[in-house]
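Beneath this line is the structure, given in structure tokens, with notes to follow.
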Number of protein chains: 2
Amino acid sequence: MQETLCQQTHYTDHMEDEVDRLVAAWRRERPDLDVEPLEVLSRVSRLARHLDRARRLAFSEHQLEPWEFDVLTSLRRAGAPYQLSPGQLLTQTLVTSGTMTNRIDRLTKKGLVERLPDPSDRRGVLVRLTPEGRDRADEALAGLLAQERAILAQLSRPQRAELAALLRRLTAPFDNVPG
Amino acid sequence: MQETLCQQTHYTDHMEDEVDRLVAAWRRERPDLDVEPLEVLSRVSRLARHLDRARRLAFSEHQLEPWEFDVLTSLRRAGAPYQLSPGQLLTQTLVTSGTMTNRIDRLTKKGLVERLPDPSDRRGVLVRLTPEGRDRADEALAGLLAQERAILAQLSRPQRAELAALLRRLTAPFDNVPG
DNA sequence: CCCATGAATCTTGAGATCGAGATATATTTG
DNA sequence: CAAATATATCTCGATCTCAAGATTCATGGG
């Protein structure tokens, strides 16, 4: 780790959040414990819940639920012919197999995806985006990005890059092991 | 924003994660879009799901569900006599009022909390931790902190502080407005 | 004092998630 | 080649969550 000249994140406005209050409360009630980990991970969990609410709102304009968006965009990103196995969808969306079966069923009923037999493995199935599914995914993505940009306006571009890099170090171990 | 000498987050090991692959896929499929926001916010959402799974595992040793932990520790942090209104519990746990009523019902049946009339407002209720509830919260917290420390070992202490500060700037707007 | 407005909590019904186990097919091993 | 093991997906039942609306009480103006 080398020292270099870089942007210091030195905030003049130190606005408190719920986690500051939460940590202060623990230090008062349990001064014997080191609750430093909560400074990072409680913020991650709470921010994710806030984002989930915000997304639910943003998607409701497009008649899409967040879980529908997750599946449709996973297929969209795969590129033509826009198909993945349920197993690949699992690693992208981090839900259980039972949940994914259920999601595919419902999206099929809505005409946004279709199930095809996997030609190379008779156990398997491929899930393919329909043209309508593709359009819905594209529309919703544009809306989501606009919303996310507004939330991230709190940070400068280098700060966002720094934040992304720090988060990557935490997510990578989860994403790169069997677990 | 001043420039100072500080630790540069310059990683020799640039381990990829799912979000790197996700972003690369979008740039290939939708080169017209700027997907930079996903670098931060998709990592936040995915990390939160990984944490949720890890917590579920950690708490199962104590026969506690994550949602039970959230409610019990909110009350524990409040300090003696360990009581809060359902409304206060809402802002701490970010669930809807219907969900909270349900949670309080179930925790009451398990003998971990009890409902008392609010002496200063006859509409209101106070939820109080029972002695057993308090013990369960304290045990589970110790276990959670140990697990979180292991996850955060990927970062140095100043990196953790930096990460917490950056996240605070994103959570504060959510935590400090009516929304 | 009474009514209108607002706030805090609870009720309800629909829908989504999880975990565990079932089923069918692949792959490896002896 | 047969048996054992592993993999991919689905089924099922129990919870858990949410959104919307109902209920109960507080508060302020007339």
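Scheme for the structure tokens: letters A, B, ... for chains in order shown; per-chain residue numbers from 1; ligand numbers from 1 in order shown.
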Reference chain B, mobile chain A, all Cα atoms fitted, written as a short mmCIF file (atom, residue, chain, number, x, y, z; two decimals) with N, CA and C atoms, in the first residue's frame:
```cif
data_model
loop_
_atom_site.label_atom_id
_atom_site.label_comp_id
_atom_site.auth_asym_id
_atom_site.auth_seq_id
_atom_site.Cartn_x
_atom_site.Cartn_y
_atom_site.Cartn_z
N MET A 1 -13.14 21.01 -0.80
CA MET A 1 -12.42 19.73 -0.79
C MET A 1 -10.93 19.97 -0.93
N GLN A 2 -10.18 19.70 0.10
CA GLN A 2 -8.76 19.97 0.06
C GLN A 2 -7.98 18.71 -0.29
N GLU A 3 -6.81 18.93 -0.86
CA GLU A 3 -5.95 17.78 -1.16
C GLU A 3 -4.97 17.58 -0.02
N THR A 4 -4.86 16.38 0.44
CA THR A 4 -3.91 16.09 1.50
C THR A 4 -3.25 14.76 1.22
N LEU A 5 -2.23 14.49 1.98
CA LEU A 5 -1.57 13.19 1.87
C LEU A 5 -2.43 12.16 2.58
N CYS A 6 -2.86 11.14 1.86
CA CYS A 6 -3.68 10.14 2.52
C CYS A 6 -3.45 8.80 1.87
N GLN A 7 -3.97 7.78 2.53
CA GLN A 7 -3.81 6.43 1.98
C GLN A 7 -4.57 6.27 0.68
N GLN A 8 -3.86 5.93 -0.35
CA GLN A 8 -4.49 5.67 -1.64
C GLN A 8 -4.99 4.23 -1.65
N THR A 9 -6.19 4.02 -2.07
CA THR A 9 -6.68 2.65 -2.19
C THR A 9 -6.26 2.11 -3.54
N HIS A 10 -5.12 1.51 -3.56
CA HIS A 10 -4.50 1.05 -4.79
C HIS A 10 -4.30 -0.43 -4.65
N TYR A 11 -5.18 -1.22 -5.25
CA TYR A 11 -5.18 -2.64 -4.97
C TYR A 11 -4.29 -3.38 -5.94
N THR A 12 -3.43 -4.20 -5.41
CA THR A 12 -2.64 -5.04 -6.29
C THR A 12 -3.49 -6.20 -6.79
N ASP A 13 -4.33 -6.74 -5.93
CA ASP A 13 -5.21 -7.84 -6.33
C ASP A 13 -6.54 -7.27 -6.77
N HIS A 14 -6.76 -7.25 -8.06
CA HIS A 14 -8.01 -6.69 -8.55
C HIS A 14 -8.98 -7.82 -8.83
N MET A 15 -9.44 -8.46 -7.78
CA MET A 15 -10.35 -9.57 -7.97
C MET A 15 -11.69 -9.06 -8.50
N GLU A 16 -12.18 -9.70 -9.54
CA GLU A 16 -13.46 -9.29 -10.11
C GLU A 16 -14.62 -9.78 -9.26
N ASP A 17 -15.74 -9.13 -9.38
CA ASP A 17 -16.95 -9.63 -8.75
C ASP A 17 -18.07 -9.66 -9.80
N GLU A 18 -19.25 -10.11 -9.39
CA GLU A 18 -20.36 -10.21 -10.34
C GLU A 18 -20.70 -8.86 -10.95
N VAL A 19 -20.53 -7.79 -10.18
CA VAL A 19 -20.91 -6.48 -10.71
C VAL A 19 -19.95 -6.05 -11.83
N ASP A 20 -18.68 -6.42 -11.73
CA ASP A 20 -17.79 -6.14 -12.85
C ASP A 20 -18.30 -6.81 -14.13
N ARG A 21 -18.73 -8.04 -13.98
CA ARG A 21 -19.23 -8.77 -15.16
C ARG A 21 -20.53 -8.14 -15.66
N LEU A 22 -21.36 -7.76 -14.71
CA LEU A 22 -22.64 -7.13 -15.04
C LEU A 22 -22.42 -5.82 -15.80
N VAL A 23 -21.51 -5.01 -15.32
CA VAL A 23 -21.26 -3.72 -15.97
C VAL A 23 -20.65 -3.93 -17.36
N ALA A 24 -19.72 -4.88 -17.45
CA ALA A 24 -19.12 -5.16 -18.76
C ALA A 24 -20.19 -5.61 -19.74
N ALA A 25 -21.14 -6.42 -19.27
CA ALA A 25 -22.19 -6.90 -20.15
C ALA A 25 -23.06 -5.75 -20.64
N TRP A 26 -23.40 -4.84 -19.74
CA TRP A 26 -24.21 -3.69 -20.18
C TRP A 26 -23.47 -2.84 -21.18
N ARG A 27 -22.17 -2.64 -20.97
CA ARG A 27 -21.42 -1.79 -21.90
C ARG A 27 -21.39 -2.43 -23.28
N ARG A 28 -21.41 -3.75 -23.31
CA ARG A 28 -21.43 -4.44 -24.60
C ARG A 28 -22.81 -4.33 -25.24
N GLU A 29 -23.86 -4.53 -24.43
CA GLU A 29 -25.21 -4.58 -24.99
C GLU A 29 -25.83 -3.20 -25.19
N ARG A 30 -25.48 -2.27 -24.31
CA ARG A 30 -26.06 -0.92 -24.39
C ARG A 30 -24.95 0.12 -24.31
N PRO A 31 -24.08 0.18 -25.32
CA PRO A 31 -22.97 1.15 -25.25
C PRO A 31 -23.46 2.59 -25.24
N ASP A 32 -24.73 2.80 -25.55
CA ASP A 32 -25.29 4.16 -25.54
C ASP A 32 -25.57 4.65 -24.13
N LEU A 33 -25.64 3.74 -23.15
CA LEU A 33 -26.01 4.14 -21.78
C LEU A 33 -24.78 4.30 -20.90
N ASP A 34 -24.85 5.21 -19.96
CA ASP A 34 -23.81 5.34 -18.94
C ASP A 34 -24.26 4.58 -17.70
N VAL A 35 -23.66 3.43 -17.48
CA VAL A 35 -24.10 2.56 -16.38
C VAL A 35 -23.22 2.71 -15.14
N GLU A 36 -22.47 3.76 -15.06
CA GLU A 36 -21.59 3.97 -13.92
C GLU A 36 -22.30 3.85 -12.58
N PRO A 37 -23.54 4.34 -12.44
CA PRO A 37 -24.20 4.22 -11.13
C PRO A 37 -24.25 2.79 -10.60
N LEU A 38 -24.31 1.82 -11.50
CA LEU A 38 -24.42 0.43 -11.05
C LEU A 38 -23.17 -0.03 -10.30
N GLU A 39 -22.04 0.57 -10.61
CA GLU A 39 -20.79 0.18 -9.95
C GLU A 39 -20.92 0.31 -8.43
N VAL A 40 -21.63 1.31 -7.99
CA VAL A 40 -21.83 1.49 -6.55
C VAL A 40 -23.09 0.77 -6.09
N LEU A 41 -24.22 1.10 -6.70
CA LEU A 41 -25.48 0.69 -6.08
C LEU A 41 -25.82 -0.78 -6.28
N SER A 42 -25.39 -1.36 -7.38
CA SER A 42 -25.61 -2.81 -7.51
C SER A 42 -24.76 -3.57 -6.50
N ARG A 43 -23.58 -3.04 -6.23
CA ARG A 43 -22.76 -3.69 -5.19
C ARG A 43 -23.42 -3.57 -3.83
N VAL A 44 -24.01 -2.46 -3.54
CA VAL A 44 -24.69 -2.30 -2.26
C VAL A 44 -25.82 -3.32 -2.14
N SER A 45 -26.63 -3.44 -3.16
CA SER A 45 -27.76 -4.37 -3.09
C SER A 45 -27.31 -5.81 -2.99
N ARG A 46 -26.34 -6.16 -3.78
CA ARG A 46 -25.88 -7.55 -3.75
C ARG A 46 -25.19 -7.88 -2.44
N LEU A 47 -24.37 -6.96 -1.96
CA LEU A 47 -23.70 -7.21 -0.68
C LEU A 47 -24.72 -7.38 0.43
N ALA A 48 -25.77 -6.59 0.40
CA ALA A 48 -26.80 -6.71 1.43
C ALA A 48 -27.44 -8.09 1.38
N ARG A 49 -27.65 -8.62 0.20
CA ARG A 49 -28.24 -9.97 0.12
C ARG A 49 -27.27 -11.02 0.66
N HIS A 50 -26.02 -10.88 0.33
CA HIS A 50 -25.03 -11.81 0.88
C HIS A 50 -25.01 -11.73 2.40
N LEU A 51 -25.04 -10.52 2.92
CA LEU A 51 -25.00 -10.36 4.37
C LEU A 51 -26.23 -11.00 5.00
N ASP A 52 -27.36 -10.85 4.36
CA ASP A 52 -28.58 -11.41 4.89
C ASP A 52 -28.48 -12.92 5.01
N ARG A 53 -27.95 -13.55 3.98
CA ARG A 53 -27.75 -15.00 4.04
C ARG A 53 -26.80 -15.37 5.16
N ALA A 54 -25.70 -14.65 5.26
CA ALA A 54 -24.69 -14.97 6.27
C ALA A 54 -25.29 -14.81 7.67
N ARG A 55 -26.08 -13.77 7.84
CA ARG A 55 -26.69 -13.54 9.15
C ARG A 55 -27.68 -14.63 9.50
N ARG A 56 -28.48 -15.03 8.50
CA ARG A 56 -29.45 -16.10 8.75
C ARG A 56 -28.73 -17.33 9.31
N LEU A 57 -27.58 -17.63 8.71
CA LEU A 57 -26.80 -18.76 9.18
C LEU A 57 -26.28 -18.54 10.59
N ALA A 58 -25.71 -17.38 10.83
CA ALA A 58 -25.11 -17.10 12.14
C ALA A 58 -26.17 -17.14 13.24
N PHE A 59 -27.35 -16.61 12.95
CA PHE A 59 -28.38 -16.54 13.97
C PHE A 59 -29.03 -17.89 14.22
N SER A 60 -28.97 -18.77 13.25
CA SER A 60 -29.68 -20.04 13.42
C SER A 60 -29.09 -20.81 14.61
N GLU A 61 -27.84 -20.55 14.97
CA GLU A 61 -27.28 -21.17 16.17
C GLU A 61 -28.02 -20.72 17.42
N HIS A 62 -28.55 -19.53 17.38
CA HIS A 62 -29.25 -19.01 18.55
C HIS A 62 -30.77 -19.12 18.40
N GLN A 63 -31.23 -19.87 17.41
CA GLN A 63 -32.69 -19.95 17.17
C GLN A 63 -33.31 -18.56 17.01
N LEU A 64 -32.64 -17.73 16.23
CA LEU A 64 -33.19 -16.39 15.99
C LEU A 64 -33.23 -16.14 14.49
N GLU A 65 -34.28 -15.48 14.02
CA GLU A 65 -34.34 -15.04 12.63
C GLU A 65 -33.80 -13.62 12.56
N PRO A 66 -33.29 -13.23 11.40
CA PRO A 66 -32.78 -11.86 11.27
C PRO A 66 -33.81 -10.80 11.67
N TRP A 67 -35.07 -11.00 11.33
CA TRP A 67 -36.06 -9.98 11.68
C TRP A 67 -36.27 -9.91 13.19
N GLU A 68 -36.13 -11.06 13.86
CA GLU A 68 -36.26 -11.03 15.32
C GLU A 68 -35.11 -10.26 15.93
N PHE A 69 -33.91 -10.53 15.42
CA PHE A 69 -32.73 -9.82 15.89
C PHE A 69 -32.91 -8.31 15.74
N ASP A 70 -33.40 -7.88 14.59
CA ASP A 70 -33.54 -6.45 14.35
C ASP A 70 -34.44 -5.78 15.38
N VAL A 71 -35.53 -6.42 15.71
CA VAL A 71 -36.46 -5.81 16.67
C VAL A 71 -35.88 -5.86 18.08
N LEU A 72 -35.37 -7.01 18.47
CA LEU A 72 -34.85 -7.14 19.83
C LEU A 72 -33.69 -6.19 20.09
N THR A 73 -32.79 -6.06 19.13
CA THR A 73 -31.64 -5.19 19.37
C THR A 73 -32.03 -3.72 19.33
N SER A 74 -33.07 -3.37 18.57
CA SER A 74 -33.52 -1.98 18.62
C SER A 74 -33.97 -1.63 20.04
N LEU A 75 -34.68 -2.54 20.65
CA LEU A 75 -35.14 -2.32 22.02
C LEU A 75 -33.96 -2.35 22.99
N ARG A 76 -33.05 -3.25 22.77
CA ARG A 76 -31.88 -3.37 23.66
C ARG A 76 -31.07 -2.09 23.67
N ARG A 77 -30.86 -1.51 22.50
CA ARG A 77 -30.08 -0.28 22.38
C ARG A 77 -30.74 0.89 23.07
N ALA A 78 -32.05 0.84 23.19
CA ALA A 78 -32.76 1.97 23.78
C ALA A 78 -32.39 2.14 25.25
N GLY A 79 -31.82 1.13 25.85
CA GLY A 79 -31.46 1.21 27.27
C GLY A 79 -32.66 0.96 28.15
N ALA A 80 -32.39 0.68 29.44
CA ALA A 80 -33.47 0.40 30.38
C ALA A 80 -34.45 1.56 30.35
N PRO A 81 -35.77 1.28 30.42
CA PRO A 81 -36.39 -0.05 30.57
C PRO A 81 -36.64 -0.79 29.26
N TYR A 82 -35.83 -0.54 28.26
CA TYR A 82 -35.90 -1.32 27.03
C TYR A 82 -37.26 -1.29 26.36
N GLN A 83 -37.77 -0.11 26.15
CA GLN A 83 -39.08 -0.04 25.48
C GLN A 83 -39.11 1.09 24.47
N LEU A 84 -39.84 0.81 23.36
CA LEU A 84 -40.03 1.78 22.28
C LEU A 84 -41.45 1.63 21.76
N SER A 85 -41.92 2.66 21.07
CA SER A 85 -43.22 2.54 20.40
C SER A 85 -43.03 1.79 19.09
N PRO A 86 -44.10 1.18 18.59
CA PRO A 86 -44.01 0.54 17.26
C PRO A 86 -43.52 1.53 16.21
N GLY A 87 -43.94 2.78 16.30
CA GLY A 87 -43.50 3.77 15.32
C GLY A 87 -42.00 3.98 15.34
N GLN A 88 -41.41 4.03 16.53
CA GLN A 88 -39.96 4.16 16.60
C GLN A 88 -39.27 2.92 16.03
N LEU A 89 -39.87 1.78 16.25
CA LEU A 89 -39.30 0.55 15.69
C LEU A 89 -39.34 0.58 14.16
N LEU A 90 -40.36 1.21 13.61
CA LEU A 90 -40.46 1.30 12.15
C LEU A 90 -39.28 2.04 11.54
N THR A 91 -38.92 3.19 12.13
CA THR A 91 -37.85 3.96 11.52
C THR A 91 -36.51 3.24 11.68
N GLN A 92 -36.40 2.39 12.68
CA GLN A 92 -35.15 1.67 12.86
C GLN A 92 -35.05 0.47 11.93
N THR A 93 -36.16 -0.18 11.65
CA THR A 93 -36.08 -1.42 10.89
C THR A 93 -36.51 -1.27 9.45
N LEU A 94 -37.11 -0.14 9.08
CA LEU A 94 -37.50 0.12 7.69
C LEU A 94 -38.48 -0.91 7.15
N VAL A 95 -39.43 -1.31 7.96
CA VAL A 95 -40.51 -2.14 7.45
C VAL A 95 -41.82 -1.37 7.58
N THR A 96 -42.89 -1.91 7.03
CA THR A 96 -44.18 -1.23 7.09
C THR A 96 -44.85 -1.51 8.43
N SER A 97 -45.89 -0.74 8.71
CA SER A 97 -46.53 -0.88 10.01
C SER A 97 -47.21 -2.24 10.15
N GLY A 98 -47.77 -2.73 9.06
CA GLY A 98 -48.40 -4.04 9.11
C GLY A 98 -47.40 -5.12 9.47
N THR A 99 -46.23 -5.03 8.88
CA THR A 99 -45.17 -5.98 9.19
C THR A 99 -44.78 -5.91 10.66
N MET A 100 -44.67 -4.69 11.16
CA MET A 100 -44.22 -4.55 12.55
C MET A 100 -45.26 -5.10 13.52
N THR A 101 -46.52 -4.84 13.27
CA THR A 101 -47.56 -5.42 14.12
C THR A 101 -47.41 -6.93 14.18
N ASN A 102 -47.24 -7.51 13.01
CA ASN A 102 -47.08 -8.96 12.91
C ASN A 102 -45.84 -9.42 13.69
N ARG A 103 -44.74 -8.70 13.56
CA ARG A 103 -43.52 -9.10 14.27
C ARG A 103 -43.72 -9.03 15.77
N ILE A 104 -44.35 -7.97 16.23
CA ILE A 104 -44.55 -7.83 17.67
C ILE A 104 -45.45 -8.97 18.19
N ASP A 105 -46.48 -9.29 17.40
CA ASP A 105 -47.34 -10.41 17.79
C ASP A 105 -46.52 -11.68 18.00
N ARG A 106 -45.68 -11.98 17.03
CA ARG A 106 -44.94 -13.24 17.10
C ARG A 106 -43.92 -13.24 18.22
N LEU A 107 -43.25 -12.10 18.41
CA LEU A 107 -42.27 -12.03 19.50
C LEU A 107 -42.95 -12.10 20.86
N THR A 108 -44.16 -11.58 20.93
CA THR A 108 -44.92 -11.67 22.18
C THR A 108 -45.24 -13.12 22.49
N LYS A 109 -45.70 -13.85 21.46
CA LYS A 109 -46.01 -15.27 21.66
C LYS A 109 -44.79 -16.04 22.15
N LYS A 110 -43.61 -15.65 21.68
CA LYS A 110 -42.39 -16.33 22.09
C LYS A 110 -41.88 -15.85 23.45
N GLY A 111 -42.53 -14.85 24.01
CA GLY A 111 -42.12 -14.37 25.31
C GLY A 111 -40.89 -13.48 25.31
N LEU A 112 -40.54 -12.93 24.16
CA LEU A 112 -39.33 -12.11 24.08
C LEU A 112 -39.63 -10.62 24.25
N VAL A 113 -40.86 -10.21 23.96
CA VAL A 113 -41.29 -8.83 24.20
C VAL A 113 -42.69 -8.86 24.79
N GLU A 114 -43.12 -7.70 25.30
CA GLU A 114 -44.51 -7.58 25.74
C GLU A 114 -45.04 -6.20 25.38
N ARG A 115 -46.36 -6.12 25.19
CA ARG A 115 -46.98 -4.87 24.81
C ARG A 115 -47.57 -4.20 26.04
N LEU A 116 -47.31 -2.89 26.18
CA LEU A 116 -47.88 -2.13 27.29
C LEU A 116 -48.60 -0.92 26.70
N PRO A 117 -49.68 -0.49 27.35
CA PRO A 117 -50.33 0.75 26.89
C PRO A 117 -49.41 1.93 27.16
N ASP A 118 -49.40 2.88 26.23
CA ASP A 118 -48.59 4.09 26.42
C ASP A 118 -49.34 5.02 27.37
N PRO A 119 -48.76 5.33 28.53
CA PRO A 119 -49.48 6.12 29.52
C PRO A 119 -49.75 7.56 29.04
N SER A 120 -48.97 8.03 28.09
CA SER A 120 -49.12 9.43 27.68
C SER A 120 -49.90 9.60 26.39
N ASP A 121 -50.34 8.53 25.77
CA ASP A 121 -51.09 8.62 24.51
C ASP A 121 -51.91 7.36 24.35
N ARG A 122 -53.21 7.52 24.50
CA ARG A 122 -54.03 6.31 24.54
C ARG A 122 -54.17 5.61 23.19
N ARG A 123 -53.71 6.31 22.10
CA ARG A 123 -53.67 5.60 20.82
C ARG A 123 -52.52 4.61 20.82
N GLY A 124 -51.51 4.96 21.55
CA GLY A 124 -50.22 4.31 21.38
C GLY A 124 -49.98 3.10 22.26
N VAL A 125 -48.89 2.43 21.98
CA VAL A 125 -48.49 1.22 22.66
C VAL A 125 -46.98 1.32 22.89
N LEU A 126 -46.50 0.67 23.91
CA LEU A 126 -45.05 0.54 24.07
C LEU A 126 -44.70 -0.93 24.02
N VAL A 127 -43.61 -1.22 23.37
CA VAL A 127 -43.12 -2.59 23.29
C VAL A 127 -41.91 -2.69 24.19
N ARG A 128 -41.95 -3.65 25.09
CA ARG A 128 -40.85 -3.79 26.05
C ARG A 128 -40.20 -5.16 25.95
N LEU A 129 -38.89 -5.15 26.03
CA LEU A 129 -38.09 -6.37 26.01
C LEU A 129 -38.27 -7.12 27.33
N THR A 130 -38.47 -8.41 27.27
CA THR A 130 -38.46 -9.22 28.49
C THR A 130 -37.01 -9.56 28.84
N PRO A 131 -36.76 -9.98 30.07
CA PRO A 131 -35.39 -10.36 30.43
C PRO A 131 -34.82 -11.41 29.48
N GLU A 132 -35.63 -12.40 29.09
CA GLU A 132 -35.12 -13.39 28.16
C GLU A 132 -34.80 -12.76 26.81
N GLY A 133 -35.68 -11.86 26.37
CA GLY A 133 -35.41 -11.18 25.12
C GLY A 133 -34.10 -10.43 25.15
N ARG A 134 -33.85 -9.80 26.26
CA ARG A 134 -32.60 -9.07 26.39
C ARG A 134 -31.39 -9.99 26.31
N ASP A 135 -31.45 -11.12 26.98
CA ASP A 135 -30.33 -12.05 26.92
C ASP A 135 -30.10 -12.57 25.51
N ARG A 136 -31.18 -12.90 24.84
CA ARG A 136 -31.05 -13.42 23.48
C ARG A 136 -30.42 -12.39 22.56
N ALA A 137 -30.82 -11.14 22.73
CA ALA A 137 -30.26 -10.07 21.90
C ALA A 137 -28.76 -9.93 22.15
N ASP A 138 -28.37 -9.96 23.41
CA ASP A 138 -26.96 -9.79 23.73
C ASP A 138 -26.10 -10.92 23.16
N GLU A 139 -26.60 -12.15 23.31
CA GLU A 139 -25.84 -13.27 22.77
C GLU A 139 -25.66 -13.16 21.26
N ALA A 140 -26.76 -12.88 20.58
CA ALA A 140 -26.71 -12.87 19.12
C ALA A 140 -25.84 -11.73 18.61
N LEU A 141 -25.83 -10.61 19.32
CA LEU A 141 -25.01 -9.48 18.87
C LEU A 141 -23.54 -9.85 18.86
N ALA A 142 -23.08 -10.52 19.90
CA ALA A 142 -21.67 -10.90 19.96
C ALA A 142 -21.31 -11.76 18.76
N GLY A 143 -22.19 -12.73 18.44
CA GLY A 143 -21.93 -13.59 17.30
C GLY A 143 -21.90 -12.82 15.99
N LEU A 144 -22.83 -11.89 15.85
CA LEU A 144 -22.88 -11.12 14.61
C LEU A 144 -21.62 -10.29 14.42
N LEU A 145 -21.16 -9.65 15.49
CA LEU A 145 -19.97 -8.81 15.37
C LEU A 145 -18.76 -9.63 14.95
N ALA A 146 -18.64 -10.83 15.49
CA ALA A 146 -17.52 -11.68 15.11
C ALA A 146 -17.56 -11.97 13.62
N GLN A 147 -18.74 -12.31 13.14
CA GLN A 147 -18.88 -12.62 11.71
C GLN A 147 -18.56 -11.40 10.85
N GLU A 148 -19.06 -10.25 11.26
CA GLU A 148 -18.85 -9.05 10.46
C GLU A 148 -17.38 -8.67 10.44
N ARG A 149 -16.70 -8.86 11.55
CA ARG A 149 -15.27 -8.56 11.58
C ARG A 149 -14.53 -9.41 10.56
N ALA A 150 -14.94 -10.66 10.43
CA ALA A 150 -14.26 -11.53 9.47
C ALA A 150 -14.47 -11.02 8.04
N ILE A 151 -15.69 -10.59 7.76
CA ILE A 151 -15.97 -10.09 6.41
C ILE A 151 -15.16 -8.83 6.13
N LEU A 152 -15.04 -7.96 7.13
CA LEU A 152 -14.37 -6.68 6.94
C LEU A 152 -12.85 -6.79 7.00
N ALA A 153 -12.35 -7.97 7.29
CA ALA A 153 -10.89 -8.15 7.35
C ALA A 153 -10.26 -7.87 5.99
N GLN A 154 -11.07 -7.84 4.93
CA GLN A 154 -10.57 -7.48 3.61
C GLN A 154 -10.05 -6.05 3.55
N LEU A 155 -10.43 -5.22 4.51
CA LEU A 155 -10.07 -3.81 4.47
C LEU A 155 -9.25 -3.43 5.68
N SER A 156 -8.36 -2.46 5.49
CA SER A 156 -7.62 -1.91 6.62
C SER A 156 -8.55 -1.01 7.43
N ARG A 157 -8.12 -0.67 8.63
CA ARG A 157 -8.98 0.17 9.45
C ARG A 157 -9.29 1.52 8.78
N PRO A 158 -8.27 2.21 8.23
CA PRO A 158 -8.62 3.47 7.56
C PRO A 158 -9.53 3.28 6.35
N GLN A 159 -9.38 2.18 5.68
CA GLN A 159 -10.30 1.93 4.55
C GLN A 159 -11.72 1.74 5.04
N ARG A 160 -11.88 1.04 6.15
CA ARG A 160 -13.22 0.85 6.69
C ARG A 160 -13.82 2.19 7.08
N ALA A 161 -12.99 3.06 7.67
CA ALA A 161 -13.50 4.37 8.07
C ALA A 161 -13.91 5.18 6.85
N GLU A 162 -13.10 5.10 5.82
CA GLU A 162 -13.41 5.81 4.58
C GLU A 162 -14.72 5.30 3.98
N LEU A 163 -14.85 3.98 3.94
CA LEU A 163 -16.05 3.37 3.39
C LEU A 163 -17.29 3.80 4.18
N ALA A 164 -17.16 3.80 5.48
CA ALA A 164 -18.29 4.21 6.32
C ALA A 164 -18.68 5.65 6.02
N ALA A 165 -17.67 6.51 5.85
CA ALA A 165 -17.96 7.92 5.61
C ALA A 165 -18.64 8.13 4.26
N LEU A 166 -18.19 7.40 3.25
CA LEU A 166 -18.82 7.53 1.93
C LEU A 166 -20.25 7.03 1.97
N LEU A 167 -20.46 5.92 2.65
CA LEU A 167 -21.82 5.38 2.73
C LEU A 167 -22.73 6.34 3.49
N ARG A 168 -22.19 6.98 4.50
CA ARG A 168 -23.02 7.89 5.28
C ARG A 168 -23.61 8.99 4.40
N ARG A 169 -22.81 9.43 3.45
CA ARG A 169 -23.30 10.49 2.59
C ARG A 169 -24.49 10.03 1.75
N LEU A 170 -24.58 8.75 1.50
CA LEU A 170 -25.72 8.24 0.73
C LEU A 170 -26.92 7.94 1.62
N THR A 171 -26.66 7.48 2.83
CA THR A 171 -27.79 7.12 3.69
C THR A 171 -28.41 8.34 4.36
N ALA A 172 -27.59 9.34 4.64
CA ALA A 172 -28.10 10.48 5.41
C ALA A 172 -29.33 11.13 4.77
N PRO A 173 -29.34 11.36 3.45
CA PRO A 173 -30.54 11.97 2.88
C PRO A 173 -31.81 11.13 3.11
N PHE A 174 -31.69 9.84 3.08
CA PHE A 174 -32.86 8.99 3.33
C PHE A 174 -33.28 9.08 4.79
N ASP A 175 -32.29 9.10 5.68
CA ASP A 175 -32.60 9.04 7.11
C ASP A 175 -33.07 10.38 7.67
N ASN A 176 -32.82 11.47 6.94
CA ASN A 176 -33.13 12.78 7.51
C ASN A 176 -34.25 13.54 6.81
N VAL A 177 -35.04 12.87 6.01
CA VAL A 177 -36.22 13.51 5.42
C VAL A 177 -37.45 12.69 5.77
N PRO A 178 -38.63 13.28 5.62
CA PRO A 178 -39.85 12.53 5.89
C PRO A 178 -39.89 11.21 5.14
N GLY A 179 -39.42 11.19 3.86
CA GLY A 179 -39.49 9.99 3.04
C GLY A 179 -38.96 8.79 3.76
#
```
Taking only C-alpha atoms (C1' of nucleotides) into account, which residues of chain C are within 7 Å of chain B, as a CSV table (one decimal) with C-alpha atoms (C1' of nucleotides), in the first residue's frame?
```csv
chain,number,residue,atom,x,y,z
C,8,DA,C1',-50.5,6.0,15.6
C,9,DT,C1',-51.5,1.5,15.3
C,10,DC,C1',-53.9,-2.6,13.8
```
Q. Within 10 Å of chain B, which residues of chain D show up when using only C-alpha atoms (C1' of nucleotides), listed as a PyMOL selection string?
A. chain D and resi 16-19+23-26
Q. Out of segment 17-142 of chain A, which residues get helix (DSSP H, G or I) from DSSP, as a PyMOL selection string?
A. chain A and resi 18-29+36-60+66-77+86-93+97-109+131-142
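You will find atom C1' of DG21 of chain C at 9.1 Å from atom C1' of DC12 of chain D.
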DA3 of chain D: which residues within 12 Å, counting only C-alpha atoms (C1' of nucleotides), same-chain residues fewer than 3 positions away excluded, as a compact mmCIF listing (two decimals) with N, CA, C and O atoms (P, O5', C5', C4', C3', O3' and C1' of nucleotides), in the first residue's frame?
```txt
# COMPACT_ATOMS: atom_id res chain seq x y z
P DT C 28 -17.21 -36.56 -15.39
O5' DT C 28 -16.86 -37.61 -14.24
C5' DT C 28 -17.23 -37.30 -12.89
C4' DT C 28 -17.18 -38.57 -12.05
C3' DT C 28 -15.91 -39.39 -12.20
O3' DT C 28 -15.43 -39.68 -10.90
C1' DT C 28 -17.80 -40.77 -12.46
P DT C 29 -13.90 -40.20 -10.70
O5' DT C 29 -14.16 -41.57 -9.92
C5' DT C 29 -15.49 -41.87 -9.49
C4' DT C 29 -15.60 -43.34 -9.09
C3' DT C 29 -14.33 -44.17 -9.23
O3' DT C 29 -14.29 -45.10 -8.16
C1' DT C 29 -16.00 -45.08 -10.62
P DG C 30 -12.95 -45.85 -7.83
O5' DG C 30 -13.37 -47.37 -7.91
C5' DG C 30 -14.54 -47.81 -7.21
C4' DG C 30 -15.04 -49.10 -7.85
C3' DG C 30 -13.95 -50.17 -8.04
O3' DG C 30 -14.47 -51.43 -7.66
C1' DG C 30 -15.00 -49.73 -10.10
```
